[in-house]
$ cat structure_37.tsv   # TSV, C-alpha atoms and all ligand atoms
chain	number	residue	atom	x	y	z
R	1	MET	CA	85.45	73.76	105.30
R	2	PRO	CA	84.01	77.25	105.66
R	3	GLU	CA	81.04	77.86	107.85
R	4	ASP	CA	77.54	77.37	106.49
R	5	ARG	CA	76.22	80.94	106.88
R	6	GLY	CA	72.58	79.99	107.38
R	7	ILE	CA	71.42	82.64	109.81
R	8	VAL	CA	70.29	85.64	107.72
R	9	GLN	CA	69.87	83.38	104.72
R	10	ASP	CA	67.09	81.37	106.40
R	11	ALA	CA	65.02	84.34	107.62
R	12	PRO	CA	61.32	83.79	106.74
R	13	ASN	CA	60.47	87.39	105.79
R	14	VAL	CA	61.97	90.84	105.17
R	15	GLU	CA	61.44	92.02	108.76
R	16	GLU	CA	63.32	89.06	110.19
R	17	THR	CA	66.04	89.43	107.54
R	18	LEU	CA	66.49	93.03	108.66
R	19	ARG	CA	66.56	92.10	112.33
R	20	ARG	CA	69.25	89.48	111.78
R	21	MET	CA	71.31	91.80	109.59
R	22	GLN	CA	71.09	94.52	112.22
R	23	ALA	CA	72.29	92.07	114.85
R	24	LYS	CA	75.21	91.01	112.73
R	25	LEU	CA	76.23	94.35	111.28
R	26	ASN	CA	75.68	96.63	114.25
R	27	GLY	CA	78.41	99.30	114.15
R	28	ILE	CA	79.75	98.00	110.83
R	29	VAL	CA	77.15	99.23	108.31
R	30	PRO	CA	75.23	102.49	108.93
R	31	GLU	CA	71.77	101.63	110.28
R	32	PHE	CA	69.92	103.62	107.58
R	33	GLU	CA	71.52	101.52	104.81
R	34	LEU	CA	70.17	98.24	106.12
R	35	PRO	CA	66.41	98.29	105.32
R	36	PRO	CA	66.85	98.43	101.52
R	37	LYS	CA	69.66	95.89	101.73
R	38	ALA	CA	67.53	93.53	103.82
R	39	GLU	CA	64.76	93.75	101.22
R	40	LEU	CA	67.24	92.81	98.49
R	41	ALA	CA	68.79	90.05	100.59
R	42	PHE	CA	65.40	88.49	101.30
R	43	ARG	CA	64.47	88.50	97.61
R	44	ILE	CA	67.84	87.00	96.66
R	45	ASN	CA	67.57	84.23	99.24
R	46	ARG	CA	64.01	83.38	98.13
R	47	MET	CA	64.90	83.29	94.45
R	48	LYS	CA	68.08	81.34	95.14
R	49	ARG	CA	65.96	78.48	96.48
R	50	GLU	CA	63.51	78.68	93.55
R	51	ARG	CA	66.37	78.38	91.07
R	52	ASN	CA	68.31	75.73	93.03
R	53	ALA	CA	71.23	78.15	93.03
R	54	VAL	CA	74.19	78.36	95.36
R	55	ILE	CA	75.91	81.66	96.13
R	56	LEU	CA	79.63	81.65	96.83
R	57	GLY	CA	80.95	84.82	98.43
R	58	HIS	CA	84.61	85.80	98.51
R	59	ASN	CA	85.96	87.28	101.75
R	60	TYR	CA	86.26	90.70	100.05
R	61	MET	CA	82.52	91.15	99.47
R	62	GLU	CA	80.97	94.19	101.10
R	63	PRO	CA	79.71	93.37	104.62
R	64	ALA	CA	75.94	93.56	104.01
R	65	LEU	CA	76.20	91.18	101.06
R	66	PHE	CA	78.81	88.96	102.71
R	67	HIS	CA	76.68	88.43	105.81
R	68	SER	CA	73.30	87.96	104.14
R	69	VAL	CA	73.25	85.93	100.91
R	70	PRO	CA	76.23	83.59	100.36
R	71	ASP	CA	75.69	79.93	101.20
R	72	TYR	CA	79.44	79.67	101.57
R	73	THR	CA	82.15	82.23	102.07
R	74	GLY	CA	85.88	81.77	101.81
R	75	ASP	CA	89.12	82.35	99.97
R	76	SER	CA	89.77	81.34	96.36
R	77	LEU	CA	90.88	77.85	97.30
R	78	GLU	CA	87.93	77.03	99.56
R	79	LEU	CA	85.43	78.39	97.08
R	80	SER	CA	87.02	76.35	94.26
R	81	ARG	CA	86.73	73.23	96.40
R	82	ILE	CA	83.08	73.96	97.19
R	83	SER	CA	82.22	74.70	93.58
R	84	ALA	CA	83.67	71.30	92.66
R	85	GLN	CA	81.24	69.58	95.04
R	86	THR	CA	77.96	71.47	94.72
R	87	SER	CA	74.78	69.83	93.52
R	88	ALA	CA	73.11	73.19	92.71
R	89	ASP	CA	72.06	73.85	89.11
R	90	VAL	CA	73.26	77.44	89.17
R	91	ILE	CA	76.42	78.82	90.79
R	92	ILE	CA	76.52	82.54	91.46
R	93	PHE	CA	80.04	83.66	92.16
R	94	CYS	CA	80.16	86.85	94.22
R	95	GLY	CA	83.80	87.45	93.47
R	96	VAL	CA	85.80	88.30	90.36
R	97	GLN	CA	85.94	86.86	86.86
R	98	PHE	CA	88.84	84.45	87.31
R	99	MET	CA	87.09	82.85	90.31
R	100	ALA	CA	83.88	82.33	88.36
R	101	GLU	CA	85.88	80.91	85.45
R	102	THR	CA	87.50	78.38	87.79
R	103	ALA	CA	84.03	77.32	88.94
R	104	LYS	CA	82.95	76.95	85.29
R	105	VAL	CA	85.96	74.77	84.46
R	106	LEU	CA	85.01	72.54	87.39
R	107	ASN	CA	81.30	72.55	86.40
R	108	PRO	CA	81.13	72.76	82.61
R	109	ASN	CA	77.51	71.63	82.49
R	110	LYS	CA	76.20	74.06	85.07
R	111	THR	CA	75.20	77.67	84.75
R	112	VAL	CA	77.90	79.77	86.40
R	113	LEU	CA	77.07	83.45	86.83
R	114	ILE	CA	79.05	86.49	87.88
R	115	PRO	CA	76.91	89.47	88.95
R	116	ALA	CA	79.18	92.08	87.28
R	117	GLU	CA	80.75	91.09	84.00
R	118	LYS	CA	83.61	93.60	84.27
R	119	ALA	CA	84.88	92.40	87.66
R	120	GLY	CA	88.47	91.69	86.58
R	121	CYS	CA	91.81	91.62	88.41
R	122	SER	CA	95.12	93.37	87.72
R	123	LEU	CA	96.99	90.08	88.05
R	124	ALA	CA	94.77	88.19	85.60
R	125	GLU	CA	95.00	91.09	83.14
R	126	GLY	CA	98.80	91.06	83.36
R	127	ILE	CA	99.57	87.78	81.60
R	128	GLY	CA	98.47	86.15	78.36
R	129	VAL	CA	98.76	82.81	76.60
R	130	GLU	CA	101.68	83.99	74.43
R	131	ASP	CA	103.63	85.08	77.50
R	132	VAL	CA	103.39	81.59	78.99
R	133	ARG	CA	104.44	79.92	75.73
R	134	ARG	CA	107.46	82.23	75.46
R	135	LEU	CA	108.50	81.50	79.04
R	136	ARG	CA	108.33	77.76	78.39
R	137	GLU	CA	110.75	78.25	75.49
R	138	GLN	CA	113.06	80.38	77.62
R	139	TYR	CA	113.14	77.85	80.50
R	140	PRO	CA	112.82	74.43	78.86
R	141	GLY	CA	111.62	71.67	81.17
R	142	ALA	CA	110.53	73.99	83.98
R	143	PRO	CA	106.94	73.31	85.07
R	144	VAL	CA	104.54	76.24	84.98
R	145	VAL	CA	102.50	77.08	88.08
R	146	THR	CA	99.84	79.70	87.60
R	147	TYR	CA	98.19	81.53	90.42
R	148	VAL	CA	94.42	81.07	90.39
R	149	ASN	CA	94.21	84.83	89.66
R	150	THR	CA	94.55	84.16	85.92
R	151	TYR	CA	92.04	83.64	83.14
R	152	ALA	CA	91.15	80.10	82.09
R	153	ALA	CA	93.07	80.36	78.80
R	154	VAL	CA	96.27	80.95	80.77
R	155	LYS	CA	95.48	78.15	83.20
R	156	ALA	CA	95.07	75.90	80.16
R	157	GLU	CA	98.75	76.56	79.33
R	158	SER	CA	100.00	75.58	82.76
R	159	ASP	CA	100.90	72.42	84.66
R	160	TYR	CA	99.61	73.35	88.10
R	161	CYS	CA	97.40	76.03	89.57
R	162	CYS	CA	97.78	77.40	93.06
R	163	THR	CA	96.18	79.97	95.32
R	164	SER	CA	97.72	82.12	98.01
R	165	GLY	CA	96.57	79.38	100.40
R	166	ASN	CA	98.67	76.61	98.85
R	167	ALA	CA	101.35	78.28	96.67
R	168	THR	CA	104.16	77.09	98.94
R	169	ALA	CA	102.80	73.53	99.08
R	170	VAL	CA	102.45	73.36	95.29
R	171	VAL	CA	105.97	74.63	94.55
R	172	ARG	CA	107.45	72.44	97.32
R	173	HIS	CA	105.72	69.45	95.73
R	174	LEU	CA	107.44	70.25	92.40
R	175	PHE	CA	110.85	70.82	93.99
R	176	ASN	CA	110.44	67.48	95.81
R	177	GLN	CA	109.69	65.81	92.49
R	178	GLY	CA	113.14	66.86	91.34
R	179	TYR	CA	112.48	70.05	89.40
R	180	ASP	CA	115.13	72.70	90.09
R	181	HIS	CA	113.32	75.55	88.36
R	182	VAL	CA	109.64	76.40	88.57
R	183	ILE	CA	107.95	79.12	86.54
R	184	PHE	CA	105.47	80.87	88.82
R	185	LEU	CA	102.97	83.29	87.24
R	186	PRO	CA	101.93	86.05	87.31
R	187	ASP	CA	102.24	87.67	90.78
R	188	ASP	CA	105.80	88.87	91.27
R	189	TYR	CA	105.39	89.40	95.03
R	190	LEU	CA	103.62	86.10	95.71
R	191	ALA	CA	106.42	84.39	93.76
R	192	ARG	CA	109.11	86.14	95.83
R	193	ASN	CA	107.31	85.39	99.09
R	194	THR	CA	106.96	81.73	98.08
R	195	ALA	CA	110.67	81.57	97.23
R	196	ALA	CA	111.45	83.00	100.69
R	197	ASP	CA	109.24	80.33	102.34
R	198	LEU	CA	111.13	77.60	100.55
R	199	ASP	CA	114.59	79.15	100.88
R	200	ALA	CA	114.77	79.13	97.07
R	201	ALA	CA	116.30	81.71	94.74
R	202	TYR	CA	114.13	84.07	92.72
R	203	ALA	CA	114.77	85.15	89.13
R	204	ALA	CA	112.63	87.73	87.33
R	205	ALA	CA	112.06	86.47	83.76
R	206	PRO	CA	114.02	86.66	81.48
R	207	GLU	CA	116.89	86.45	84.00
R	208	PRO	CA	118.60	83.05	84.13
R	209	ALA	CA	117.87	80.70	87.04
R	210	ALA	CA	120.39	80.81	89.90
R	211	PRO	CA	123.17	78.25	89.28
R	212	GLY	CA	123.00	75.25	91.61
R	213	ARG	CA	119.91	76.48	93.51
R	214	LYS	CA	116.24	75.75	93.42
R	215	THR	CA	114.80	78.78	91.66
R	216	ILE	CA	111.38	80.29	91.21
R	217	ILE	CA	111.10	82.23	87.98
R	218	GLY	CA	108.61	85.06	88.26
R	219	TRP	CA	106.73	87.56	86.16
R	220	ASN	CA	106.34	91.27	86.50
R	221	VAL	CA	102.77	91.98	87.59
R	222	ARG	CA	101.27	92.80	90.95
R	223	CYS	CA	97.96	93.19	92.69
R	224	GLU	CA	97.01	96.84	92.33
R	225	VAL	CA	95.68	96.82	95.90
R	226	HIS	CA	98.32	94.93	97.88
R	227	GLU	CA	101.28	96.53	96.12
R	228	LEU	CA	100.31	99.83	97.78
R	229	TYR	CA	101.30	98.72	101.28
R	230	THR	CA	104.74	99.99	102.29
R	231	ILE	CA	107.36	99.40	104.95
R	232	GLN	CA	106.51	102.84	106.33
R	233	ASP	CA	102.87	101.78	106.78
R	234	VAL	CA	103.96	98.87	108.98
R	235	GLU	CA	106.41	101.02	110.93
R	236	ARG	CA	103.78	103.67	111.65
R	237	LEU	CA	101.23	101.05	112.68
R	238	ARG	CA	103.74	99.46	115.06
R	239	GLU	CA	104.42	102.84	116.63
R	240	GLN	CA	100.76	103.68	117.06
R	241	PHE	CA	99.50	100.19	118.00
R	242	PRO	CA	102.45	98.40	119.60
R	243	ASP	CA	100.28	95.58	121.00
R	244	ALA	CA	98.51	94.77	117.71
R	245	VAL	CA	99.19	91.65	115.67
R	246	ILE	CA	99.69	92.62	112.02
R	247	LEU	CA	98.56	90.15	109.35
R	248	ALA	CA	99.19	90.57	105.62
R	249	HIS	CA	98.24	88.88	102.39
R	250	PRO	CA	101.18	87.33	100.47
R	251	GLU	CA	100.44	89.59	97.48
R	252	CYS	CA	102.17	92.35	99.53
R	253	HIS	CA	105.81	93.28	98.89
R	254	PRO	CA	108.33	90.88	100.52
R	255	ASP	CA	109.80	93.75	102.59
R	256	VAL	CA	106.33	94.35	104.05
R	257	ILE	CA	105.84	90.63	104.66
R	258	ALA	CA	109.19	90.46	106.48
R	259	LEU	CA	107.90	92.99	109.05
R	260	VAL	CA	104.49	91.51	109.84
R	261	ASP	CA	103.53	88.83	112.34
R	262	TYR	CA	101.60	86.54	110.01
R	263	LYS	CA	101.18	86.12	106.27
R	264	GLY	CA	98.39	84.09	104.72
R	265	SER	CA	95.46	83.85	102.37
R	266	THR	CA	92.25	85.56	103.37
R	267	LYS	CA	91.14	82.29	105.00
R	268	GLY	CA	94.51	81.95	106.71
R	269	MET	CA	94.12	85.41	108.25
R	270	LEU	CA	90.55	84.69	109.33
R	271	ASP	CA	91.58	81.44	110.98
R	272	TYR	CA	94.43	83.18	112.75
R	273	ILE	CA	92.06	85.77	114.26
R	274	ARG	CA	89.56	83.08	115.21
R	275	ASN	CA	92.20	80.96	116.95
R	276	GLU	CA	94.88	83.29	118.34
R	277	ASP	CA	94.14	85.63	121.21
R	278	ALA	CA	95.66	89.09	120.75
R	279	PRO	CA	94.78	92.52	122.15
R	280	ARG	CA	94.01	93.71	118.62
R	281	TYR	CA	94.56	92.86	114.98
R	282	ILE	CA	95.47	94.82	111.87
R	283	LEU	CA	94.91	93.40	108.39
R	284	LEU	CA	97.03	94.52	105.45
R	285	THR	CA	94.73	93.41	102.69
R	286	GLU	CA	91.65	94.57	100.81
R	287	CYS	CA	89.93	96.78	103.39
R	288	THR	CA	86.45	95.25	103.38
R	289	MET	CA	87.78	92.12	104.95
R	290	ALA	CA	88.41	93.90	108.27
R	291	ASP	CA	84.72	94.86	108.37
R	292	ASN	CA	83.69	91.29	107.67
R	293	VAL	CA	86.00	89.96	110.37
R	294	ALA	CA	84.77	92.57	112.86
R	295	ALA	CA	81.16	91.51	112.19
R	296	GLU	CA	82.06	87.84	112.51
R	297	PHE	CA	84.13	88.15	115.69
R	298	PRO	CA	82.59	91.00	117.73
R	299	HIS	CA	84.76	90.02	120.72
R	300	ARG	CA	87.96	90.68	118.71
R	301	GLU	CA	89.28	94.23	118.33
R	302	MET	CA	90.10	95.10	114.75
R	303	VAL	CA	92.05	98.26	113.91
R	304	ARG	CA	90.59	99.57	110.64
R	305	ALA	CA	93.92	100.76	109.25
R	306	CYS	CA	93.20	100.75	105.58
R	307	ASN	CA	91.05	102.18	102.87
R	308	LEU	CA	92.35	100.13	99.96
R	309	ARG	CA	89.28	98.74	98.23
R	310	CYS	CA	89.57	96.46	95.21
R	311	LYS	CA	87.62	98.24	92.48
R	312	HIS	CA	86.79	94.89	90.87
R	313	MET	CA	85.36	93.28	94.00
R	314	ASN	CA	83.48	96.53	94.62
R	315	LEU	CA	81.42	95.94	91.45
R	316	ILE	CA	79.57	93.07	93.09
R	317	THR	CA	76.50	94.42	94.90
R	318	LEU	CA	73.24	93.04	96.25
R	319	GLU	CA	71.41	94.77	93.35
R	320	GLN	CA	73.65	93.06	90.80
R	321	THR	CA	73.32	89.72	92.56
R	322	LEU	CA	69.53	89.93	92.42
R	323	ALA	CA	69.72	90.87	88.72
R	324	ALA	CA	72.03	87.89	88.16
R	325	LEU	CA	69.43	85.54	89.61
R	326	GLU	CA	66.46	87.16	87.88
R	327	ASN	CA	68.02	87.33	84.41
R	328	LEU	CA	70.57	84.51	84.71
R	329	GLN	CA	73.35	86.99	83.94
R	330	TYR	CA	76.29	87.13	83.34
R	331	ALA	CA	76.90	83.55	82.30
R	332	ILE	CA	80.53	82.41	82.08
R	333	GLU	CA	81.12	80.84	78.67
R	334	LEU	CA	84.43	79.17	77.85
R	335	PRO	CA	85.53	77.18	74.79
R	336	GLY	CA	85.39	73.41	75.33
R	337	ASP	CA	89.11	72.89	74.69
R	338	ILE	CA	90.05	75.56	77.25
R	339	ILE	CA	87.82	73.91	79.83
R	340	GLU	CA	89.39	70.56	79.12
R	341	ARG	CA	92.97	71.80	79.31
R	342	ALA	CA	92.45	74.10	82.31
R	343	ARG	CA	90.88	71.31	84.32
R	344	LEU	CA	94.08	69.29	84.86
R	345	PRO	CA	96.13	72.04	86.59
R	346	ILE	CA	93.13	72.93	88.75
R	347	ASP	CA	92.53	69.28	89.71
R	348	ARG	CA	96.22	68.89	90.52
R	349	MET	CA	96.03	71.92	92.77
R	350	LEU	CA	92.94	70.62	94.56
R	351	ALA	CA	94.68	67.30	95.16
R	352	ILE	CA	97.57	68.95	97.07
R	353	ARG	CA	96.79	69.64	100.74
R	401	LIG	P1	92.55	84.66	98.55
R	401	LIG	O1	92.66	83.45	97.73
R	401	LIG	O2	93.57	84.72	99.66
R	401	LIG	O3	91.19	84.87	99.07
R	401	LIG	O4	92.93	85.92	97.65
R	401	LIG	C1	92.30	86.26	96.48
R	401	LIG	C2	92.67	87.61	96.06
R	401	LIG	O5	92.22	88.09	95.04
R	401	LIG	C3	93.58	88.37	96.91
R	401	LIG	O6	93.72	89.66	96.44
R	402	LIG	FE1	92.94	91.02	91.91
R	402	LIG	FE2	94.12	92.42	93.82
R	402	LIG	FE3	91.51	92.68	93.42
R	402	LIG	FE4	92.50	90.41	94.49
R	402	LIG	S1	92.54	92.45	95.40
R	402	LIG	S2	90.99	90.56	92.84
R	402	LIG	S3	94.44	90.25	93.37
R	402	LIG	S4	93.13	93.24	91.97

$ encode --input "structure_37.tsv" --output "structure tokens" --more "lines below"
Ligand code: 13P
Ligand code: SF4
Amino acid sequence: MPEDRGIVQDAPNVEETLRRMQAKLNGIVPEFELPPKAELAFRINRMKRERNAVILGHNYMEPALFHSVPDYTGDSLELSRISAQTSADVIIFCGVQFMAETAKVLNPNKTVLIPAEKAGCSLAEGIGVEDVRRLREQYPGAPVVTYVNTYAAVKAESDYCCTSGNATAVVRHLFNQGYDHVIFLPDDYLARNTAADLDAAYAAAPEPAAPGRKTIIGWNVRCEVHELYTIQDVERLREQFPDAVILAHPECHPDVIALVDYKGSTKGMLDYIRNEDAPRYILLTECTMADNVAAEFPHREMVRACNLRCKHMNLITLEQTLAALENLQYAIELPGDIIERARLPIDRMLAIR
């Protein structure tokens, strides 16, 4: 379970909120930016209690927000699990649309809000319902696993969901059940990295599956942030920081993944840094996460080697989060049949450890 981030959240007034944020974000956020942010954070935390709301914050939220208002922080998998268990009346998802949709599927009778209605994702945009139906016809009998970074209508067409935290476990589960071919959508690189983990073949649809081998059939879209990391980036970092441990998200290209020391979900990377002693760490992922890790673990040395910000995550601000609470915007609405059909693959995912 992620940590309960009660410190700034429980501050009794604006002054104390500011003091705690300064303590946490010293050297991470410019000092002059903090007073207005502390004012916003205090108002959000007060209103959150009045509305019996819970705020879930993805690891890519900007540091002042991340360290001041979420009740829980985490990766997509952890936040899905928490949203399935909350007793709050209102869930505010400080993350992107597909994450808030997952929370809505798990809580159809609750108000689920996303602070910026246009916070999308290049992966979720890259696949539609018709694509999945066509793939099922092309590969009859192959189960469909969809990455959580898809819209609910696409999840409703699939057999299992997965996140970067459990993709390998979900596909292994299906291979162990006797399936030789698994359709894995939509992230091409995550699919290839999962195939490498399982020593399985990879076929890019509409290629045929490899004869006589377990095969993952993938689709041709990528994360617009992680696809930008290159082999040359890793080589240069190794040259400049030979003692650093390099960690990367599995949405990076397989050639990049082959060169790094650890691959994992945002939670996986956080846990690694918490638990493994190294002279310094470099994260190849959305760049805000390094700031959040540096604030969380001041005794760890982070090399800030990246400026790749996800433009979708960047839409979620403290101002927008306050507006979400004040106006109950933007509510996630999904058709009843989509909620019903998307629930099964999400529940199956949550059941696999
Ligand atoms: P995690 O599930 O690892 O947090 O990743 C979500 C995401 O959008 C990565 O780009
Ligand atoms: Fe989507 Fe990539 Fe942004 Fe994650 S970082 S939300 S995968 S575009």

$ atom_distance --input "structure_37.tsv" --atom1 "CA of Glu39 (chain R)" --atom2 "CA of His312 (chain R)"
24.4 Å

$ residues_near_ligand --input "structure_37.tsv" --ligand "ligand LIG 401 (chain R)" --cutoff "9 Å" --atoms "all atoms listed in the file" --output "PyMOL selection string"
chain R and resi 58-60+74-79+95-96+99+121+123+148-149+163-165+223-226+249-251+264-269+285-286+310+313

$ atom_distance --input "structure_37.tsv" --atom1 "CA of Ile339 (chain R)" --atom2 "CA of Val105 (chain R)"
5.1 Å

$ closest_residue --input "structure_37.tsv" --among "R:Phe241, R:Tyr330, R:Tyr160, R:Phe98" --to "Ala305 (chain R)" --atoms "all atoms listed in the file"
R:Phe241

$ residues_near_point --input "structure_37.tsv" --point "(77.5, 84.6, 91.9)" --cutoff "7 Å" --atoms "only C-alpha atoms" --output "list of chain:residue names"
R:Ile55, R:Leu56, R:Ile91, R:Ile92, R:Phe93, R:Cys94, R:Leu113, R:Ile114, R:Pro115, R:Thr321

$ residues_around --input "structure_37.tsv" --residues "region 26-31 of chain R" --least-positions-apart "5" --cutoff "12 Å" --atoms "all atoms listed in the file" --output "VMD selection string"
chain R and resid 18 to 21 36 to 38 62 to 67 288 to 298 302 304

$ atom_distance --input "structure_37.tsv" --atom1 "CA of Thr168 (chain R)" --atom2 "CA of Thr194 (chain R)"
5.5 Å

$ closest_residue --input "structure_37.tsv" --among "R:Gln240, R:Ser68, R:Thr73, R:Gln22" --to "Ile7 (chain R)" --atoms "only C-alpha atoms"
R:Ser68

$ closest_residue --input "structure_37.tsv" --among "R:Leu237, R:Ile316, R:Val54, R:Val154" --to "ligand LIG 402 (chain R)" --atoms "all atoms listed in the file"
R:Ile316

$ closest_residue --input "structure_37.tsv" --among "R:Trp219, R:Tyr151, R:Phe184, R:Phe175" --to "ligand LIG 402 (chain R)" --atoms "all atoms listed in the file"
R:Tyr151

$ closest_residue --input "structure_37.tsv" --among "R:Val69, R:Cys287, R:Leu270, R:Ala204" --to "ligand LIG 402 (chain R)" --atoms "all atoms listed in the file"
R:Cys287

$ closest_residue --input "structure_37.tsv" --among "R:Ala124, R:Leu283, R:Leu315, R:Ala195" --to "ligand LIG 402 (chain R)" --atoms "only C-alpha atoms and all ligand atoms"
R:Ala124

$ residues_around --input "structure_37.tsv" --residues "Pro279 (chain R)" --least-positions-apart "3" --cutoff "9 Å" --atoms "only C-alpha atoms" --output "PyMOL selection string"
chain R and resi 243-245+300-301

$ residues_near_point --input "structure_37.tsv" --point "(101.2, 101.1, 104.1)" --cutoff "12 Å" --atoms "only C-alpha atoms" --output "ChimeraX atom specification"
/R:225-238,246,248,252-253,255-257,259-260,282-285,305-308

$ axis_aligned_box --input "structure_37.tsv" --around "region 105-118 of chain R" --padding-each-side "4 Å" --output "AutoDock Vina command-line options"
--center_x 80.6 --center_y 82.6 --center_z 85.7 --size_x 18.8 --size_y 30.0 --size_z 14.5

$ residues_around --input "structure_37.tsv" --residues "Pro186 (chain R)" --least-positions-apart "5" --cutoff "7 Å" --atoms "all atoms listed in the file" --output "count of residues only"
8

$ residues_around --input "structure_37.tsv" --residues "Val129 (chain R)" --least-positions-apart "2" --cutoff "9 Å" --atoms "only C-alpha atoms" --output "list in words"
Ile127, Asp131, Val132, Arg133, Arg134, Ala153, Val154, Lys155, Ala156 and Glu157 of chain R

$ build_atoms --input "structure_37.tsv" --residues "region 20-31 of chain R" --atoms "N, CA, C and O atoms" --output "mmCIF file, in the frame of the given file"
data_model
loop_
_atom_site.group_PDB
_atom_site.id
_atom_site.type_symbol
_atom_site.label_atom_id
_atom_site.label_comp_id
_atom_site.auth_asym_id
_atom_site.auth_seq_id
_atom_site.Cartn_x
_atom_site.Cartn_y
_atom_site.Cartn_z
ATOM 1 N N ARG R 20 68.019 90.283 111.688
ATOM 2 C CA ARG R 20 69.250 89.480 111.780
ATOM 3 C C ARG R 20 70.450 90.234 111.206
ATOM 4 O O ARG R 20 71.562 90.118 111.712
ATOM 5 N N MET R 21 70.194 91.013 110.149
ATOM 6 C CA MET R 21 71.310 91.800 109.590
ATOM 7 C C MET R 21 71.729 92.890 110.571
ATOM 8 O O MET R 21 72.914 93.164 110.743
ATOM 9 N N GLN R 22 70.752 93.486 111.227
ATOM 10 C CA GLN R 22 71.090 94.520 112.220
ATOM 11 C C GLN R 22 71.938 93.916 113.330
ATOM 12 O O GLN R 22 72.926 94.506 113.772
ATOM 13 N N ALA R 23 71.542 92.715 113.757
ATOM 14 C CA ALA R 23 72.290 92.070 114.850
ATOM 15 C C ALA R 23 73.729 91.798 114.437
ATOM 16 O O ALA R 23 74.668 91.984 115.187
ATOM 17 N N LYS R 24 73.872 91.388 113.202
ATOM 18 C CA LYS R 24 75.210 91.010 112.730
ATOM 19 C C LYS R 24 76.079 92.225 112.412
ATOM 20 O O LYS R 24 77.285 92.225 112.643
ATOM 21 N N LEU R 25 75.451 93.250 111.863
ATOM 22 C CA LEU R 25 76.230 94.350 111.280
ATOM 23 C C LEU R 25 76.189 95.636 112.103
ATOM 24 O O LEU R 25 76.600 96.694 111.624
ATOM 25 N N ASN R 26 75.746 95.491 113.343
ATOM 26 C CA ASN R 26 75.680 96.630 114.250
ATOM 27 C C ASN R 26 77.060 97.298 114.375
ATOM 28 O O ASN R 26 78.040 96.653 114.722
ATOM 29 N N GLY R 27 77.133 98.587 114.050
ATOM 30 C CA GLY R 27 78.410 99.300 114.150
ATOM 31 C C GLY R 27 79.308 99.117 112.942
ATOM 32 O O GLY R 27 80.378 99.711 112.852
ATOM 33 N N ILE R 28 78.911 98.271 112.004
ATOM 34 C CA ILE R 28 79.750 98.000 110.830
ATOM 35 C C ILE R 28 79.161 98.719 109.609
ATOM 36 O O ILE R 28 79.881 99.337 108.834
ATOM 37 N N VAL R 29 77.839 98.586 109.440
ATOM 38 C CA VAL R 29 77.150 99.230 108.310
ATOM 39 C C VAL R 29 76.191 100.264 108.912
ATOM 40 O O VAL R 29 75.485 99.940 109.872
ATOM 41 N N PRO R 30 76.158 101.499 108.381
ATOM 42 C CA PRO R 30 75.230 102.490 108.930
ATOM 43 C C PRO R 30 73.798 101.949 108.942
ATOM 44 O O PRO R 30 73.349 101.346 107.958
ATOM 45 N N GLU R 31 73.120 102.176 110.054
ATOM 46 C CA GLU R 31 71.770 101.630 110.280
ATOM 47 C C GLU R 31 70.813 101.953 109.115
ATOM 48 O O GLU R 31 70.062 101.095 108.657
#
